[in-house]
Structures are given as structure tokens and as C-alpha cells.
file structure_20.pdb (PDB, C-alpha atoms)
ATOM      1  CA  MET A  54      -9.544   1.834  14.563
ATOM      2  CA  LYS A  55      -7.438  -0.703  16.460
ATOM      3  CA  ASN A  56     -10.015  -3.390  15.700
ATOM      4  CA  ALA A  57      -9.696  -2.721  11.956
ATOM      5  CA  LEU A  58      -5.950  -3.323  12.172
ATOM      6  CA  TYR A  59      -6.495  -6.725  13.762
ATOM      7  CA  VAL A  60      -9.081  -7.610  11.133
ATOM      8  CA  ASN A  61      -6.630  -6.671   8.358
ATOM      9  CA  ILE A  62      -3.834  -8.740   9.918
ATOM     10  CA  LEU A  63      -6.099 -11.718  10.519
ATOM     11  CA  SER A  64      -7.532 -11.616   7.000
ATOM     12  CA  ALA A  65      -4.038 -11.341   5.494
ATOM     13  CA  LEU A  66      -2.876 -14.370   7.473
ATOM     14  CA  ILE A  67      -5.934 -16.460   6.593
ATOM     15  CA  ILE A  68      -5.695 -15.625   2.890
ATOM     16  CA  SER A  69      -1.933 -16.233   2.917
ATOM     17  CA  ILE A  70      -2.395 -19.652   4.504
ATOM     18  CA  ILE A  71      -5.064 -20.567   1.953
ATOM     19  CA  PHE A  72      -2.734 -19.382  -0.816
ATOM     20  CA  GLY A  73       0.031 -21.525   0.692
ATOM     21  CA  LEU A  74      -2.239 -24.563   0.791
ATOM     22  CA  PHE A  75      -2.612 -24.321  -2.990
ATOM     23  CA  HIS A  76       1.166 -24.812  -3.176
ATOM     24  CA  ILE A  77       1.405 -27.658  -0.650
ATOM     25  CA  VAL A  78       1.667 -30.168  -3.510
ATOM     26  CA  GLN A  79       5.137 -28.721  -4.152
ATOM     27  CA  GLY A  80       6.188 -29.579  -0.608
ATOM     28  CA  PHE A  81       6.181 -28.003   2.817
ATOM     29  CA  LYS A  82       8.955 -25.534   1.936
ATOM     30  CA  ALA A  83       6.873 -24.242  -0.965
ATOM     31  CA  PHE A  84       3.912 -23.888   1.382
ATOM     32  CA  LEU A  85       5.933 -21.810   3.850
ATOM     33  CA  LEU A  86       7.497 -19.693   1.108
ATOM     34  CA  SER A  87       4.080 -19.058  -0.454
ATOM     35  CA  VAL A  88       2.617 -17.963   2.879
ATOM     36  CA  LEU A  89       5.601 -15.699   3.549
ATOM     37  CA  ILE A  90       5.644 -14.083   0.115
ATOM     38  CA  SER A  91       1.864 -13.588   0.280
ATOM     39  CA  VAL A  92       2.223 -11.731   3.576
ATOM     40  CA  VAL A  93       4.945  -9.577   2.014
ATOM     41  CA  PHE A  94       2.628  -8.744  -0.894
ATOM     42  CA  PHE A  95      -0.157  -7.831   1.540
ATOM     43  CA  ILE A  96       2.219  -5.516   3.384
ATOM     44  CA  THR A  97       3.306  -3.966   0.087
ATOM     45  CA  VAL A  98      -0.293  -3.260  -0.911
ATOM     46  CA  ASN A  99      -1.211  -1.834   2.493
ATOM     47  CA  PHE A 100       1.774   0.504   2.707
ATOM     48  CA  SER A 101       1.722   1.659  -0.902
ATOM     49  CA  GLY A 102      -2.051   1.859  -1.295
ATOM     50  CA  THR A 103      -1.814   0.290  -4.743
ATOM     51  CA  ILE A 104      -1.539  -3.226  -6.081
ATOM     52  CA  TYR A 105       1.028  -2.301  -8.752
ATOM     53  CA  TYR A 106       4.084  -2.623  -6.483
ATOM     54  CA  ALA A 107       2.957  -6.086  -5.408
ATOM     55  CA  ILE A 108       2.470  -7.091  -9.043
ATOM     56  CA  PHE A 109       5.948  -5.793  -9.902
ATOM     57  CA  SER A 110       7.455  -7.598  -6.899
ATOM     58  CA  HIS A 111       5.681 -10.802  -7.906
ATOM     59  CA  ALA A 112       7.085 -10.531 -11.426
ATOM     60  CA  ILE A 113      10.610 -10.065 -10.081
ATOM     61  CA  PHE A 114      10.148 -13.004  -7.698
ATOM     62  CA  ASN A 115       8.920 -15.241 -10.554
ATOM     63  CA  PHE A 116      11.822 -14.162 -12.765
ATOM     64  CA  ILE A 117      14.369 -14.995 -10.065
ATOM     65  CA  GLU A 118      12.651 -18.301  -9.338
ATOM     66  CA  ILE A 119      12.488 -19.392 -12.965
ATOM     67  CA  ARG A 120      15.864 -18.034 -14.036
ATOM     68  CA  PHE A 121      18.005 -19.215 -11.155
ATOM     69  CA  ILE A 122      16.250 -21.863  -9.071
ATOM     70  CA  TYR A 123      14.554 -23.942 -11.763
ATOM     71  CA  THR A 124      17.524 -23.612 -14.105
ATOM     72  CA  TYR A 125      19.809 -24.898 -11.360
ATOM     73  CA  LYS A 126      17.500 -27.837 -10.624
ATOM     74  CA  ILE A 127      17.276 -28.761 -14.323
ATOM     75  CA  GLU A 128      21.055 -28.574 -14.762
ATOM     76  CA  LYS A 129      21.536 -30.688 -11.633
ATOM     77  CA  PHE A 130      19.020 -33.251 -12.937
ATOM     78  CA  ILE A 131      20.731 -33.402 -16.344
ATOM     79  CA  LYS A 132      24.161 -33.961 -14.753
ATOM     80  CA  LYS A 133      22.732 -36.634 -12.454
ATOM     81  CA  SER A 134      20.957 -38.510 -15.264
ATOM     82  CA  SER A 135      23.979 -38.412 -17.565
ATOM     83  CA  ASN A 136      26.214 -40.196 -15.026
TER      84      ASN A 136
END
call {"tool": "encode", "arguments": {"input": "structure_20.pdb", "output": "C-alpha cells"}}
result
Amino acid sequence: MKNALYVNILSALIISIIFGLFHIVQGFKAFLLSVLISVVFFITVNFSGTIYYAIFSHAIFNFIEIRFIYTYKIEKFIKKSSN
């Protein structure tokens, strides 16, 4: 039973790192954030026993990212280019 726990943790870390590598083109911070959020989603699925909470959490994360972070960056870019 203890061995299965280590296999789950190892597989979650490997998959999270691979997922992060797909986001490396956005920079190292995006890589780290992608790995971290992927681990959080793995934990969510393992504790809840369903993928639906992870999907809901992902949707909330994307909403916050698009609504606040990208909007701020676009507004900052517009102000910078208008000067």
C-alpha cells in the first residue's frame, strides 16, 4: 500500500512537470505555476475521487487569469504605447 502512494506521487510529479514544459514558452514563471497548479489539481482529484472539482477549479483559475491578469497586462501595454 505504501508503494502505491509513492507511485501516485511520482506519477503526479512527472505529469505535472511535463504539463509545465508545455508552458515553458510563456517563461519560467509560467512553467512553475503550471507545475504547481497541476499538482493541486492532482491532489483535488485524489481527495475528492472525482475529476469534477478539478475541472471547476481550473475554470475558476482561468477566469481569474483572463479577467484580472491579462486585462491588467493589456491596460498596462496600452498606457505604455500611448505615451
call {"tool": "resolve_selection", "arguments": {"input": "structure_20.pdb", "expression": "the PyMOL selection byres ((chain A and resi 106-115) around 9)", "output": "ChimeraX atom specification"}}
result
/A:90,93-98,101,103-105,116-120
call {"tool": "atom_distance", "arguments": {"input": "structure_20.pdb", "atom1": "atom CA of A:Asn99", "atom2": "atom CA of A:Ser69"}}
result
14.4 Å
call {"tool": "axis_aligned_box", "arguments": {"input": "structure_20.pdb", "around": "stretch 90-107 of chain A", "padding_each_side": "3 Å", "output": "lines of an AutoDock Vina configuration file"}}
result
center_x = 1.8
center_y = -6.1
center_z = -2.6
size_x = 13.7
size_y = 21.9
size_z = 18.3
call {"tool": "residues_around", "arguments": {"input": "structure_20.pdb", "residues": "stretch 54-68 of chain A", "least_positions_apart": "3", "cutoff": "7 Å", "atoms": "all atoms listed in the file", "output": "PyMOL selection string"}}
result
chain A and resi 71-72+92+95
call {"tool": "atom_distance", "arguments": {"input": "structure_20.pdb", "atom1": "atom CA of A:Ser91", "atom2": "atom CA of A:Phe121"}}
result
20.6 Å
call {"tool": "atom_distance", "arguments": {"input": "structure_20.pdb", "atom1": "atom CA of A:Phe100", "atom2": "atom CA of A:Ile77"}}
result
28.4 Å
call {"tool": "build_atoms", "arguments": {"input": "structure_20.pdb", "residues": "stretch 56-80 of chain A", "atoms": "N, CA and C atoms", "output": "mmCIF file, in the frame of the given file"}}
result
data_model
loop_
_atom_site.group_PDB
_atom_site.id
_atom_site.type_symbol
_atom_site.label_atom_id
_atom_site.label_comp_id
_atom_site.auth_asym_id
_atom_site.auth_seq_id
_atom_site.Cartn_x
_atom_site.Cartn_y
_atom_site.Cartn_z
ATOM 1 N N ASN A 56 -9.336 -2.171 16.108
ATOM 2 C CA ASN A 56 -10.015 -3.390 15.700
ATOM 3 C C ASN A 56 -9.837 -3.633 14.204
ATOM 4 N N ALA A 57 -9.877 -2.585 13.406
ATOM 5 C CA ALA A 57 -9.696 -2.721 11.956
ATOM 6 C C ALA A 57 -8.307 -3.242 11.622
ATOM 7 N N LEU A 58 -7.308 -2.835 12.386
ATOM 8 C CA LEU A 58 -5.950 -3.323 12.172
ATOM 9 C C LEU A 58 -5.877 -4.825 12.406
ATOM 10 N N TYR A 59 -6.493 -5.291 13.476
ATOM 11 C CA TYR A 59 -6.495 -6.725 13.762
ATOM 12 C C TYR A 59 -7.250 -7.512 12.697
ATOM 13 N N VAL A 60 -8.322 -6.953 12.199
ATOM 14 C CA VAL A 60 -9.081 -7.610 11.133
ATOM 15 C C VAL A 60 -8.231 -7.706 9.872
ATOM 16 N N ASN A 61 -7.505 -6.645 9.531
ATOM 17 C CA ASN A 61 -6.630 -6.671 8.358
ATOM 18 C C ASN A 61 -5.526 -7.715 8.512
ATOM 19 N N ILE A 62 -4.913 -7.770 9.684
ATOM 20 C CA ILE A 62 -3.834 -8.740 9.918
ATOM 21 C C ILE A 62 -4.379 -10.162 9.862
ATOM 22 N N LEU A 63 -5.496 -10.386 10.508
ATOM 23 C CA LEU A 63 -6.099 -11.718 10.519
ATOM 24 C C LEU A 63 -6.506 -12.153 9.118
ATOM 25 N N SER A 64 -7.119 -11.260 8.364
ATOM 26 C CA SER A 64 -7.532 -11.616 7.000
ATOM 27 C C SER A 64 -6.325 -11.878 6.114
ATOM 28 N N ALA A 65 -5.260 -11.103 6.276
ATOM 29 C CA ALA A 65 -4.038 -11.341 5.494
ATOM 30 C C ALA A 65 -3.444 -12.702 5.821
ATOM 31 N N LEU A 66 -3.427 -13.066 7.093
ATOM 32 C CA LEU A 66 -2.876 -14.370 7.473
ATOM 33 C C LEU A 66 -3.739 -15.519 6.963
ATOM 34 N N ILE A 67 -5.046 -15.396 7.071
ATOM 35 C CA ILE A 67 -5.934 -16.460 6.593
ATOM 36 C C ILE A 67 -5.805 -16.640 5.089
ATOM 37 N N ILE A 68 -5.817 -15.545 4.347
ATOM 38 C CA ILE A 68 -5.695 -15.625 2.890
ATOM 39 C C ILE A 68 -4.321 -16.152 2.494
ATOM 40 N N SER A 69 -3.279 -15.754 3.216
ATOM 41 C CA SER A 69 -1.933 -16.233 2.917
ATOM 42 C C SER A 69 -1.803 -17.731 3.166
ATOM 43 N N ILE A 70 -2.425 -18.210 4.225
ATOM 44 C CA ILE A 70 -2.395 -19.652 4.504
ATOM 45 C C ILE A 70 -3.158 -20.428 3.441
ATOM 46 N N ILE A 71 -4.305 -19.919 3.032
ATOM 47 C CA ILE A 71 -5.064 -20.567 1.953
ATOM 48 C C ILE A 71 -4.243 -20.576 0.675
ATOM 49 N N PHE A 72 -3.599 -19.456 0.362
ATOM 50 C CA PHE A 72 -2.734 -19.382 -0.816
ATOM 51 C C PHE A 72 -1.605 -20.411 -0.709
ATOM 52 N N GLY A 73 -1.025 -20.541 0.482
ATOM 53 C CA GLY A 73 0.031 -21.525 0.692
ATOM 54 C C GLY A 73 -0.461 -22.949 0.522
ATOM 55 N N LEU A 74 -1.690 -23.213 0.941
ATOM 56 C CA LEU A 74 -2.239 -24.563 0.791
ATOM 57 C C LEU A 74 -2.373 -24.971 -0.672
ATOM 58 N N PHE A 75 -2.568 -24.003 -1.559
ATOM 59 C CA PHE A 75 -2.612 -24.321 -2.990
ATOM 60 C C PHE A 75 -1.240 -24.775 -3.501
ATOM 61 N N HIS A 76 -0.189 -24.439 -2.770
ATOM 62 C CA HIS A 76 1.166 -24.812 -3.176
ATOM 63 C C HIS A 76 1.731 -25.970 -2.355
ATOM 64 N N ILE A 77 0.932 -26.580 -1.513
ATOM 65 C CA ILE A 77 1.405 -27.658 -0.650
ATOM 66 C C ILE A 77 1.828 -28.881 -1.466
ATOM 67 N N VAL A 78 1.285 -29.032 -2.671
ATOM 68 C CA VAL A 78 1.667 -30.168 -3.510
ATOM 69 C C VAL A 78 3.143 -30.092 -3.914
ATOM 70 N N GLN A 79 3.725 -28.901 -3.839
ATOM 71 C CA GLN A 79 5.137 -28.721 -4.152
ATOM 72 C C GLN A 79 6.028 -28.999 -2.951
ATOM 73 N N GLY A 80 5.429 -29.280 -1.810
ATOM 74 C CA GLY A 80 6.188 -29.579 -0.608
ATOM 75 C C GLY A 80 5.957 -28.534 0.473
#
